[in-house]
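Next comes query.csv, a file with CSV, C-alpha atoms.
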chain,number,residue,atom,x,y,z
A,1,MET,CA,-11.5,-41.9,13.5
A,2,MET,CA,-8.5,-39.8,12.7
A,3,ARG,CA,-8.0,-41.8,9.5
A,4,GLY,CA,-11.6,-41.1,8.4
A,5,VAL,CA,-11.2,-37.4,8.9
A,6,LEU,CA,-7.9,-37.4,6.9
A,7,ARG,CA,-9.5,-39.4,4.1
A,8,PHE,CA,-12.4,-37.0,4.1
A,9,PHE,CA,-10.1,-34.0,3.7
A,10,ALA,CA,-8.0,-35.7,1.1
A,11,ILE,CA,-11.1,-36.5,-1.0
A,12,SER,CA,-12.7,-33.1,-0.6
A,13,SER,CA,-9.5,-31.3,-1.5
A,14,LEU,CA,-9.1,-33.5,-4.5
A,15,ILE,CA,-12.7,-32.6,-5.6
A,16,LEU,CA,-12.0,-29.0,-5.0
A,17,LEU,CA,-8.9,-29.2,-7.1
A,18,MET,CA,-10.7,-31.0,-9.9
A,19,SER,CA,-13.6,-28.5,-9.9
A,20,CYS,CA,-11.1,-25.6,-10.1
A,21,GLU,CA,-9.4,-27.3,-13.0
A,22,SER,CA,-12.6,-27.9,-14.9
A,23,GLU,CA,-13.8,-24.3,-14.6
A,24,PRO,CA,-13.3,-22.6,-17.9
A,25,SER,CA,-10.8,-19.7,-17.6
A,26,LEU,CA,-10.3,-16.8,-19.9
A,27,GLN,CA,-6.8,-18.0,-20.6
A,28,LYS,CA,-8.1,-21.3,-21.9
A,29,TYR,CA,-10.7,-19.5,-24.0
A,30,TYR,CA,-7.9,-17.5,-25.6
A,31,VAL,CA,-5.8,-20.5,-26.3
A,32,LYS,CA,-8.7,-22.4,-27.7
A,33,HIS,CA,-9.9,-19.6,-30.1
A,34,GLN,CA,-6.8,-17.8,-31.3
A,35,GLU,CA,-6.5,-20.3,-34.2
A,36,ASP,CA,-10.2,-20.1,-35.0
A,37,ASP,CA,-10.8,-18.2,-38.3
A,38,SER,CA,-13.7,-16.3,-36.9
A,39,PHE,CA,-11.4,-14.6,-34.4
A,40,MET,CA,-8.6,-12.1,-34.6
A,41,HIS,CA,-6.0,-12.1,-32.0
A,42,LEU,CA,-3.1,-9.9,-30.9
A,43,ASP,CA,-0.5,-10.4,-28.2
A,44,VAL,CA,1.7,-7.4,-27.3
A,45,THR,CA,4.4,-7.2,-24.7
A,46,THR,CA,4.4,-3.8,-23.0
A,47,ASN,CA,7.8,-2.9,-24.5
A,48,MET,CA,6.1,-2.7,-27.8
A,49,LEU,CA,3.1,-0.8,-26.5
A,50,PHE,CA,4.8,2.1,-24.9
A,51,GLY,CA,6.6,3.8,-27.8
A,52,ASN,CA,8.9,6.5,-26.5
A,53,LEU,CA,10.3,5.1,-23.3
A,54,LYS,CA,13.3,7.6,-23.5
A,55,GLY,CA,11.5,10.6,-22.2
A,56,VAL,CA,9.9,8.8,-19.3
A,57,SER,CA,11.0,9.2,-15.7
A,58,SER,CA,12.6,6.3,-13.9
A,59,GLU,CA,9.6,6.0,-11.6
A,60,GLU,CA,7.2,5.8,-14.5
A,61,LYS,CA,9.5,3.2,-16.2
A,62,GLU,CA,9.3,1.2,-13.0
A,63,ASN,CA,5.5,1.5,-13.1
A,64,LEU,CA,5.4,0.3,-16.7
A,65,LYS,CA,7.2,-2.9,-15.7
A,66,ALA,CA,4.0,-3.8,-13.8
A,67,PHE,CA,2.2,-4.3,-17.1
A,68,ARG,CA,3.5,-7.5,-18.5
A,69,LYS,CA,1.5,-8.2,-21.5
A,70,VAL,CA,-1.7,-7.3,-23.4
A,71,ASN,CA,-3.8,-9.9,-25.2
A,72,VAL,CA,-6.7,-9.0,-27.5
A,73,LEU,CA,-9.1,-11.5,-29.0
A,74,ALA,CA,-11.8,-10.1,-31.3
A,75,PHE,CA,-14.8,-11.6,-33.1
A,76,PRO,CA,-16.0,-9.4,-35.9
A,77,ILE,CA,-19.5,-9.9,-37.3
A,78,ASP,CA,-19.3,-10.5,-41.0
A,79,GLY,CA,-23.0,-10.8,-41.8
A,80,GLU,CA,-23.2,-14.6,-41.5
A,81,ASN,CA,-21.9,-15.4,-38.1
A,82,GLU,CA,-24.4,-13.7,-35.8
A,83,LYS,CA,-25.4,-16.9,-34.2
A,84,LYS,CA,-21.8,-17.8,-33.4
A,85,TYR,CA,-21.2,-14.3,-32.2
A,86,LEU,CA,-24.0,-14.6,-29.6
A,87,LYS,CA,-22.8,-18.0,-28.5
A,88,GLU,CA,-19.2,-17.0,-28.1
A,89,ARG,CA,-20.0,-13.6,-26.5
A,90,ASP,CA,-22.2,-15.3,-23.9
A,91,LYS,CA,-19.4,-17.8,-23.2
A,92,VAL,CA,-16.9,-15.0,-22.5
A,93,LEU,CA,-19.5,-13.1,-20.3
A,94,ALA,CA,-20.2,-16.3,-18.4
A,95,ILE,CA,-16.5,-16.8,-17.7
A,96,LEU,CA,-16.2,-13.1,-16.6
A,97,ASN,CA,-19.2,-13.5,-14.3
A,98,ASN,CA,-18.4,-16.9,-12.8
A,99,GLY,CA,-17.2,-15.2,-9.5
A,100,SER,CA,-13.4,-15.1,-9.9
A,101,TYR,CA,-13.4,-11.8,-11.7
A,102,LYS,CA,-14.5,-8.6,-9.9
A,103,SER,CA,-16.7,-6.4,-11.9
A,104,LEU,CA,-15.5,-2.8,-11.8
A,105,ALA,CA,-17.7,-0.8,-14.1
A,106,GLY,CA,-19.8,-0.9,-17.2
A,107,LEU,CA,-20.9,1.5,-19.9
A,108,ARG,CA,-23.6,1.2,-22.5
A,109,TYR,CA,-23.6,3.8,-25.2
A,110,SER,CA,-25.1,3.9,-28.7
A,111,LYS,CA,-25.6,0.1,-28.6
A,112,MET,CA,-22.1,-0.6,-27.6
A,113,SER,CA,-21.4,-2.2,-24.3
A,114,PHE,CA,-18.1,-2.0,-22.3
A,115,GLN,CA,-17.5,-4.0,-19.2
A,116,LEU,CA,-14.4,-3.7,-17.0
A,117,TYR,CA,-13.3,-6.5,-14.7
A,118,TYR,CA,-10.2,-7.4,-12.7
A,119,LEU,CA,-8.7,-10.4,-11.1
A,120,GLY,CA,-6.8,-10.2,-7.8
A,121,GLU,CA,-6.7,-7.7,-5.0
A,122,PRO,CA,-6.3,-3.9,-5.0
A,123,GLU,CA,-2.6,-4.5,-3.9
A,124,ASP,CA,-2.0,-7.2,-6.4
A,125,ILE,CA,-3.9,-6.8,-9.7
A,126,LYS,CA,-3.2,-10.0,-11.7
A,127,GLU,CA,-5.3,-9.2,-14.7
A,128,ILE,CA,-7.5,-6.4,-16.1
A,129,VAL,CA,-10.1,-7.3,-18.6
A,130,ILE,CA,-12.0,-5.0,-21.0
A,131,MET,CA,-14.9,-6.6,-22.8
A,132,ALA,CA,-16.6,-4.6,-25.5
A,133,TYR,CA,-19.5,-5.7,-27.7
A,134,SER,CA,-22.1,-4.6,-30.1
A,135,ASP,CA,-24.6,-6.7,-31.8
A,136,GLU,CA,-23.8,-5.0,-35.0
A,137,LYS,CA,-20.0,-5.2,-35.0
A,138,GLY,CA,-19.0,-8.1,-32.8
A,139,PHE,CA,-17.0,-8.4,-29.6
A,140,SER,CA,-13.5,-7.8,-28.4
A,141,VAL,CA,-11.9,-8.9,-25.1
A,142,ALA,CA,-8.6,-7.4,-24.0
A,143,ARG,CA,-6.6,-8.7,-21.1
A,144,ILE,CA,-3.8,-6.7,-19.5
A,145,LEU,CA,-1.6,-9.0,-17.4
A,146,GLY,CA,-0.1,-7.4,-14.4
A,147,ASP,CA,3.1,-8.2,-12.6
A,148,ASN,CA,3.1,-6.6,-9.1
A,149,LEU,CA,0.5,-4.2,-10.4
A,150,ASN,CA,-1.6,-2.3,-7.9
A,151,ALA,CA,-4.2,0.4,-7.9
A,152,LYS,CA,-1.7,3.2,-7.4
A,153,VAL,CA,0.6,2.2,-10.2
A,154,LEU,CA,-2.4,1.7,-12.5
A,155,TYR,CA,-3.7,5.2,-11.7
A,156,GLU,CA,-0.3,6.9,-12.1
A,157,THR,CA,0.3,5.2,-15.5
A,158,LEU,CA,-3.1,6.1,-16.8
A,159,SER,CA,-2.6,9.7,-15.7
A,160,ALA,CA,0.8,9.8,-17.4
A,161,ALA,CA,-0.7,8.2,-20.6
A,162,LYS,CA,-3.4,10.8,-20.6
A,163,SER,CA,-1.1,13.7,-20.2
A,164,GLY,CA,1.0,12.4,-23.1
A,165,GLU,CA,4.1,11.6,-21.1
A,166,ILE,CA,3.9,8.0,-22.2
A,167,LYS,CA,3.0,7.7,-25.8
A,168,MET,CA,1.0,4.6,-26.3
A,169,ASN,CA,1.6,2.8,-29.5
A,170,LEU,CA,-2.0,2.3,-30.4
A,171,ASP,CA,-1.6,1.7,-34.1
A,172,ALA,CA,-1.8,-2.0,-33.5
A,173,PHE,CA,-5.1,-1.6,-31.8
A,174,GLU,CA,-6.7,0.6,-34.4
A,175,GLY,CA,-7.0,-2.2,-36.9
A,176,MET,CA,-8.7,-4.3,-34.3
A,177,LEU,CA,-11.2,-1.6,-33.4
A,178,GLU,CA,-12.3,-1.0,-37.0
A,179,MET,CA,-14.1,-4.3,-37.1
A,180,GLU,CA,-16.2,-4.1,-40.2
B,1,MET,CA,-67.0,-10.7,-8.4
B,2,LYS,CA,-64.5,-13.2,-9.7
B,3,ASN,CA,-63.4,-10.7,-12.3
B,4,ILE,CA,-62.7,-8.0,-9.7
B,5,VAL,CA,-60.6,-10.4,-7.7
B,6,ILE,CA,-58.6,-11.3,-10.8
B,7,ALA,CA,-58.2,-7.6,-11.8
B,8,ILE,CA,-57.0,-6.7,-8.3
B,9,LEU,CA,-54.5,-9.6,-8.4
B,10,LEU,CA,-53.3,-8.6,-11.8
B,11,LEU,CA,-52.9,-5.0,-10.7
B,12,GLY,CA,-51.0,-6.0,-7.6
B,13,TYR,CA,-48.8,-8.3,-9.6
B,14,SER,CA,-48.0,-5.7,-12.2
B,15,LEU,CA,-47.2,-3.1,-9.5
B,16,MET,CA,-45.0,-5.6,-7.7
B,17,SER,CA,-43.2,-6.7,-10.8
B,18,SER,CA,-42.7,-3.2,-12.1
B,19,ALA,CA,-41.2,-2.1,-8.8
B,20,GLN,CA,-38.6,-4.8,-9.0
B,21,ASN,CA,-38.0,-4.1,-12.7
B,22,LEU,CA,-35.8,-1.0,-12.9
B,23,ASP,CA,-33.0,-3.5,-13.8
B,24,LYS,CA,-34.7,-4.3,-17.1
B,25,TYR,CA,-33.7,-0.9,-18.5
B,26,GLU,CA,-30.0,-1.9,-18.3
B,27,ASP,CA,-30.4,-4.3,-21.2
B,28,MET,CA,-32.4,-2.0,-23.5
B,29,ALA,CA,-30.7,-0.9,-26.7
B,30,GLU,CA,-32.4,2.5,-26.5
B,31,VAL,CA,-31.1,3.2,-23.0
B,32,ASN,CA,-27.6,4.4,-22.3
B,33,GLY,CA,-26.0,3.8,-18.9
B,34,VAL,CA,-23.1,3.6,-16.6
B,35,PHE,CA,-22.5,1.5,-13.5
B,36,ILE,CA,-19.6,1.5,-11.1
B,37,THR,CA,-19.2,-1.2,-8.5
B,38,GLN,CA,-17.8,-1.2,-5.0
B,39,HIS,CA,-14.7,-2.9,-6.3
B,40,MET,CA,-14.0,0.2,-8.4
B,41,PHE,CA,-14.6,2.5,-5.4
B,42,GLU,CA,-12.3,0.2,-3.4
B,43,LEU,CA,-9.5,0.6,-6.0
B,44,LEU,CA,-10.1,4.4,-6.2
B,45,SER,CA,-9.9,4.7,-2.4
B,46,LYS,CA,-6.4,2.9,-2.5
B,47,ILE,CA,-5.0,5.5,-4.8
B,48,ASN,CA,-5.2,8.5,-2.4
B,49,MET,CA,-4.7,6.4,0.7
B,50,GLU,CA,-1.5,8.1,1.8
B,51,SER,CA,-2.7,11.6,1.1
B,52,GLU,CA,-2.4,13.9,4.0
B,53,ASP,CA,-4.7,16.4,2.5
B,54,ALA,CA,-7.9,16.6,4.7
B,55,GLU,CA,-10.2,17.0,1.7
B,56,GLU,CA,-8.7,14.0,-0.1
B,57,GLN,CA,-9.1,12.0,3.1
B,58,ARG,CA,-12.8,12.9,3.3
B,59,PHE,CA,-13.2,11.8,-0.3
B,60,VAL,CA,-11.4,8.5,0.5
B,61,ASN,CA,-13.7,7.9,3.5
B,62,LEU,CA,-16.8,8.6,1.4
B,63,ILE,CA,-16.0,6.4,-1.5
B,64,GLU,CA,-14.8,3.5,0.7
B,65,ASN,CA,-18.4,3.3,1.9
B,66,ILE,CA,-20.1,3.3,-1.5
B,67,ASP,CA,-21.4,0.0,-2.8
B,68,GLY,CA,-22.4,1.1,-6.2
B,69,LEU,CA,-23.4,3.9,-8.6
B,70,LYS,CA,-25.7,3.5,-11.5
B,71,VAL,CA,-27.0,6.0,-14.1
B,72,LEU,CA,-29.5,5.1,-16.8
B,73,THR,CA,-30.7,7.6,-19.4
B,74,THR,CA,-32.9,7.5,-22.5
B,75,VAL,CA,-34.5,9.9,-25.0
B,76,ASN,CA,-36.9,7.3,-26.3
B,77,GLN,CA,-40.2,8.8,-25.2
B,78,ASN,CA,-42.1,5.5,-24.8
B,79,ILE,CA,-39.4,4.0,-22.6
B,80,GLY,CA,-39.0,7.2,-20.7
B,81,VAL,CA,-42.7,7.4,-19.8
B,82,GLU,CA,-42.6,3.8,-18.8
B,83,MET,CA,-39.5,4.4,-16.7
B,84,LYS,CA,-41.2,7.2,-14.9
B,85,THR,CA,-44.1,5.0,-14.0
B,86,ASP,CA,-41.7,2.3,-12.8
B,87,VAL,CA,-39.6,4.8,-10.8
B,88,ASN,CA,-42.8,6.0,-9.0
B,89,ALA,CA,-43.7,2.4,-8.2
B,90,TYR,CA,-40.2,1.7,-7.0
B,91,ILE,CA,-40.1,4.7,-4.7
B,92,ALA,CA,-43.4,3.6,-3.2
B,93,ALA,CA,-42.5,0.0,-2.8
B,94,ASP,CA,-39.1,0.6,-1.4
B,95,GLU,CA,-40.3,3.4,0.9
B,96,LEU,CA,-37.8,5.9,-0.3
B,97,GLU,CA,-38.2,9.3,1.4
B,98,GLU,CA,-38.1,12.5,-0.5
B,99,LEU,CA,-35.0,14.6,0.0
B,100,MET,CA,-35.6,17.6,-2.3
B,101,ARG,CA,-37.0,18.8,-5.6
B,102,VAL,CA,-35.5,21.2,-8.0
B,103,LYS,CA,-37.1,22.6,-11.1
B,104,LYS,CA,-35.3,25.0,-13.3
B,105,ASP,CA,-34.2,25.6,-16.9
B,106,GLY,CA,-36.5,23.0,-18.3
B,107,LYS,CA,-35.1,20.4,-15.8
B,108,SER,CA,-37.1,18.7,-13.1
B,109,LEU,CA,-35.1,16.8,-10.5
B,110,LYS,CA,-36.4,14.7,-7.6
B,111,PHE,CA,-34.1,13.3,-5.0
B,112,TYR,CA,-35.0,10.5,-2.7
B,113,PHE,CA,-33.1,8.6,0.0
B,114,LYS,CA,-33.3,5.6,2.3
B,115,PRO,CA,-32.2,6.2,5.9
B,116,GLY,CA,-28.8,4.7,6.8
B,117,SER,CA,-26.8,3.8,9.9
B,118,SER,CA,-27.2,7.2,11.5
B,119,GLU,CA,-29.1,10.5,11.3
B,120,GLU,CA,-26.6,12.0,8.9
B,121,LYS,CA,-26.2,8.9,6.7
B,122,VAL,CA,-28.3,7.4,3.9
B,123,SER,CA,-28.1,3.9,2.5
B,124,GLN,CA,-29.3,4.9,-0.9
B,125,LEU,CA,-29.5,8.2,-2.8
B,126,PHE,CA,-31.9,8.1,-5.7
B,127,MET,CA,-32.6,10.7,-8.3
B,128,PHE,CA,-35.0,10.9,-11.2
B,129,MET,CA,-34.6,13.7,-13.7
B,130,THR,CA,-36.6,14.8,-16.8
B,131,LYS,CA,-35.0,17.4,-19.0
B,132,ASN,CA,-36.5,19.1,-22.0
B,133,GLU,CA,-34.1,19.0,-24.9
B,134,LYS,CA,-34.7,20.4,-28.4
B,135,ALA,CA,-37.4,18.1,-29.6
B,136,GLU,CA,-37.6,15.5,-26.9
B,137,THR,CA,-37.4,14.9,-23.2
B,138,ARG,CA,-34.5,13.2,-21.7
B,139,TYR,CA,-35.1,10.8,-18.8
B,140,VAL,CA,-32.3,10.2,-16.3
B,141,LEU,CA,-32.2,7.9,-13.3
B,142,LEU,CA,-29.3,7.8,-10.8
B,143,SER,CA,-28.9,5.5,-7.8
B,144,ILE,CA,-26.0,5.5,-5.3
B,145,THR,CA,-26.0,2.8,-2.6
B,146,GLY,CA,-23.7,2.4,0.4
B,147,ASP,CA,-23.4,4.1,3.7
B,148,ILE,CA,-23.3,7.7,2.5
B,149,ASP,CA,-22.7,10.8,4.6
B,150,LEU,CA,-24.9,13.5,3.1
B,151,ASN,CA,-22.4,16.1,4.3
B,152,ASP,CA,-19.8,14.6,2.0
B,153,ILE,CA,-22.0,14.1,-1.0
B,154,GLY,CA,-21.3,17.5,-2.4
B,155,GLU,CA,-17.6,16.6,-2.3
B,156,LEU,CA,-18.2,13.5,-4.3
B,157,THR,CA,-20.3,15.1,-7.0
B,158,GLY,CA,-17.8,17.8,-7.3
B,159,LYS,CA,-15.3,15.2,-8.4
B,160,LEU,CA,-17.7,13.3,-10.6
B,161,LYS,CA,-18.5,16.1,-12.9
B,162,GLY,CA,-20.2,14.0,-15.5
B,163,VAL,CA,-22.8,12.7,-13.1
B,164,PRO,CA,-26.3,14.1,-13.7
B,165,GLY,CA,-27.7,16.1,-10.9
B,166,ALA,CA,-24.3,16.7,-9.5
B,167,GLU,CA,-24.7,20.5,-9.6
B,168,GLU,CA,-27.9,20.4,-7.6
B,169,LEU,CA,-26.5,17.9,-5.1
B,170,LYS,CA,-23.8,20.3,-4.0
B,171,ASN,CA,-26.4,22.1,-2.0
B,172,VAL,CA,-27.9,19.1,-0.4
B,173,LYS,CA,-28.1,19.3,3.4
B,174,PRO,CA,-29.3,16.6,5.8
B,175,LYS,CA,-32.4,17.5,7.6
Show how you would write the structure in this file as structure tokens.
Amino acid sequence: MMRGVLRFFAISSLILLMSCESEPSLQKYYVKHQEDDSFMHLDVTTNMLFGNLKGVSSEEKENLKAFRKVNVLAFPIDGENEKKYLKERDKVLAILNNGSYKSLAGLRYSKMSFQLYYLGEPEDIKEIVIMAYSDEKGFSVARILGDNLNAKVLYETLSAAKSGEIKMNLDAFEGMLEME
Amino acid sequence: MKNIVIAILLLGYSLMSSAQNLDKYEDMAEVNGVFITQHMFELLSKINMESEDAEEQRFVNLIENIDGLKVLTTVNQNIGVEMKTDVNAYIAADELEELMRVKKDGKSLKFYFKPGSSEEKVSQLFMFMTKNEKAETRYVLLSITGDIDLNDIGELTGKLKGVPGAEELKNVKPK
């Protein structure tokens, strides 16, 4: 009897593990597509992103450490790849909506759509994802990877960035945004 | 006779489907919109958690109990008129109660609610606004769901300045 129960648990946990493994993750999607010629990709560590770290208070510096890395993967439409755009866009949206990511907010404006998601808990944000797409220009999915990141740190950093205390080095992103 | 039955069935069906169909506007290219989920409100409520300010605390309590906020807007007249019809069907089908009406400066706002866990609370706040702009009419739909204390709603709309109807909502009082 006991043995049967144990075996049952062993098998079911194995199945559970396997099903987790086979679920497509955004990480895998990145790795798979960053060498694809239709895509553009950019990986930035936060040291590079926040330009003038000198004028920043030690508390803010501590906050910035919570942002480990930023990955951007973009698919610009070039006039011939609309079909592939739709297919790849839907793949990314399917991953984001498979239940592991929490949808935070969305915005649709002048035919552009923005969707904001995160992975983790309010006290431990593992990943923030910004998905932007337009059927005329293409899509771009940015991941901000956190390290002990939480809601409070996120808010404080955004406020500091807004007030100009932390100058974000956004040059690298501008090229990505002008996807034409 | 048969035709009448079919007509009634069709009418019933179209009424039913349109009532469920406010979601369809989210995917329309001519419609702009914003939505905020309960996860976002959860994150927001964590930011001010330790605040000792009474007003901040009220704000935290309010947003902790919000499940979602949605705004849809269009200046496409055909879609707008259709939206108006669908909104009326939605209000009737979901038995939303009227909260108040405001008409001024070329704007017409109608607020509705669904009763919540107590007298003072509502489980949904719904607004439909039409606004005359230069050459066209703008149609705006707003829906907030959760367990919302109407006494606090003015507080919330004060903070969310961009939300349509926020100005009018400041004066809302539970009956």
Per residue of chain B within 8 Å of chain A, note the shortest atom pair and the distance in Å to one decimal, counting all atoms listed in the file, and order the rows by chain and increasing residue number, as a Markdown table.
| residue | atom | partner | partner_atom | distance |
| --- | --- | --- | --- | --- |
| B:Ala29 | CA | A:Lys111 | CA | 5.5 |
| B:Glu30 | CA | A:Lys111 | CA | 7.5 |
| B:Val31 | CA | A:Arg108 | CA | 7.8 |
| B:Asn32 | CA | A:Tyr109 | CA | 5.0 |
| B:Gly33 | CA | A:Arg108 | CA | 5.0 |
| B:Val34 | CA | A:Leu107 | CA | 4.5 |
| B:Phe35 | CA | A:Gly106 | CA | 5.2 |
| B:Ile36 | CA | A:Ala105 | CA | 4.2 |
| B:Thr37 | CA | A:Leu104 | CA | 5.2 |
| B:Gln38 | CA | A:Leu104 | CA | 7.4 |
| B:His39 | CA | A:Leu104 | CA | 5.6 |
| B:Met40 | CA | A:Leu104 | CA | 4.8 |
| B:Glu42 | CA | A:Pro122 | CA | 7.4 |
| B:Leu43 | CA | A:Pro122 | CA | 5.6 |
| B:Leu44 | CA | A:Ala151 | CA | 7.3 |
| B:Lys46 | CA | A:Ala151 | CA | 6.3 |
| B:Ile47 | CA | A:Lys152 | CA | 4.8 |
Please produce an output containing C-alpha atoms for each residue in the selection, written as a JSON list (two decimals), in the coordinates of the input.
[["chain", "number", "residue", "atom", "x", "y", "z"],
["B", 29, "ALA", "CA", -30.70, -0.90, -26.70],
["B", 30, "GLU", "CA", -32.40, 2.50, -26.50],
["B", 31, "VAL", "CA", -31.10, 3.20, -23.00],
["B", 32, "ASN", "CA", -27.60, 4.40, -22.30],
["B", 33, "GLY", "CA", -26.00, 3.80, -18.90],
["B", 34, "VAL", "CA", -23.10, 3.60, -16.60],
["B", 35, "PHE", "CA", -22.50, 1.50, -13.50],
["B", 36, "ILE", "CA", -19.60, 1.50, -11.10],
["B", 37, "THR", "CA", -19.20, -1.20, -8.50],
["B", 38, "GLN", "CA", -17.80, -1.20, -5.00],
["B", 39, "HIS", "CA", -14.70, -2.90, -6.30],
["B", 40, "MET", "CA", -14.00, 0.20, -8.40],
["B", 42, "GLU", "CA", -12.30, 0.20, -3.40],
["B", 43, "LEU", "CA", -9.50, 0.60, -6.00],
["B", 44, "LEU", "CA", -10.10, 4.40, -6.20],
["B", 46, "LYS", "CA", -6.40, 2.90, -2.50],
["B", 47, "ILE", "CA", -5.00, 5.50, -4.80]]
| note | Between atom CA of Leu142 of chain B and atom CA of Leu72 of chain B lies a distance of 6.6 Å
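Taking atom CA of Leu150 of chain B as the reference point, atom CA of Ala54 of chain B is found at 17.4 Å.
The nearest approach to Leu99 of chain B among the residues B:Ile66, B:Thr73, B:Met127, B:Val140, with all atoms listed in the file taken into account, belongs to B:Met127.
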| Residues near Ser117 of chain B, cut-off 10 Å, all atoms listed in the file, skip fewer than 3 positions along chain, as an MDAnalysis selection string | chainID B and resid 120:123 147:149
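The spacing separating atom CA of Leu149 of chain A from atom CA of Asp124 of chain A amounts to 5.6 Å.
Using all atoms listed in the file, the residues found no farther than 8 Å from Val44 of chain A, other than those of its own chain fewer than 6 positions away, are Lys69, Val70 and Asn71 of chain A.
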| field | 10 Å contact set for Glu88 of chain A, all atoms listed in the file, chain neighbours under 3 positions out, as a list of chain:residue names | value | A:Tyr29, A:His33, A:Phe75, A:Glu82, A:Lys83, A:Lys84, A:Tyr85, A:Lys91, A:Val92, A:Leu93, A:Ala94, A:Phe139
| Closest of A:Asn98, A:Ala161, A:Arg68, A:Asn63 to Lys126 of chain A - atom-to-atom distances counting only C-alpha atoms | A:Arg68
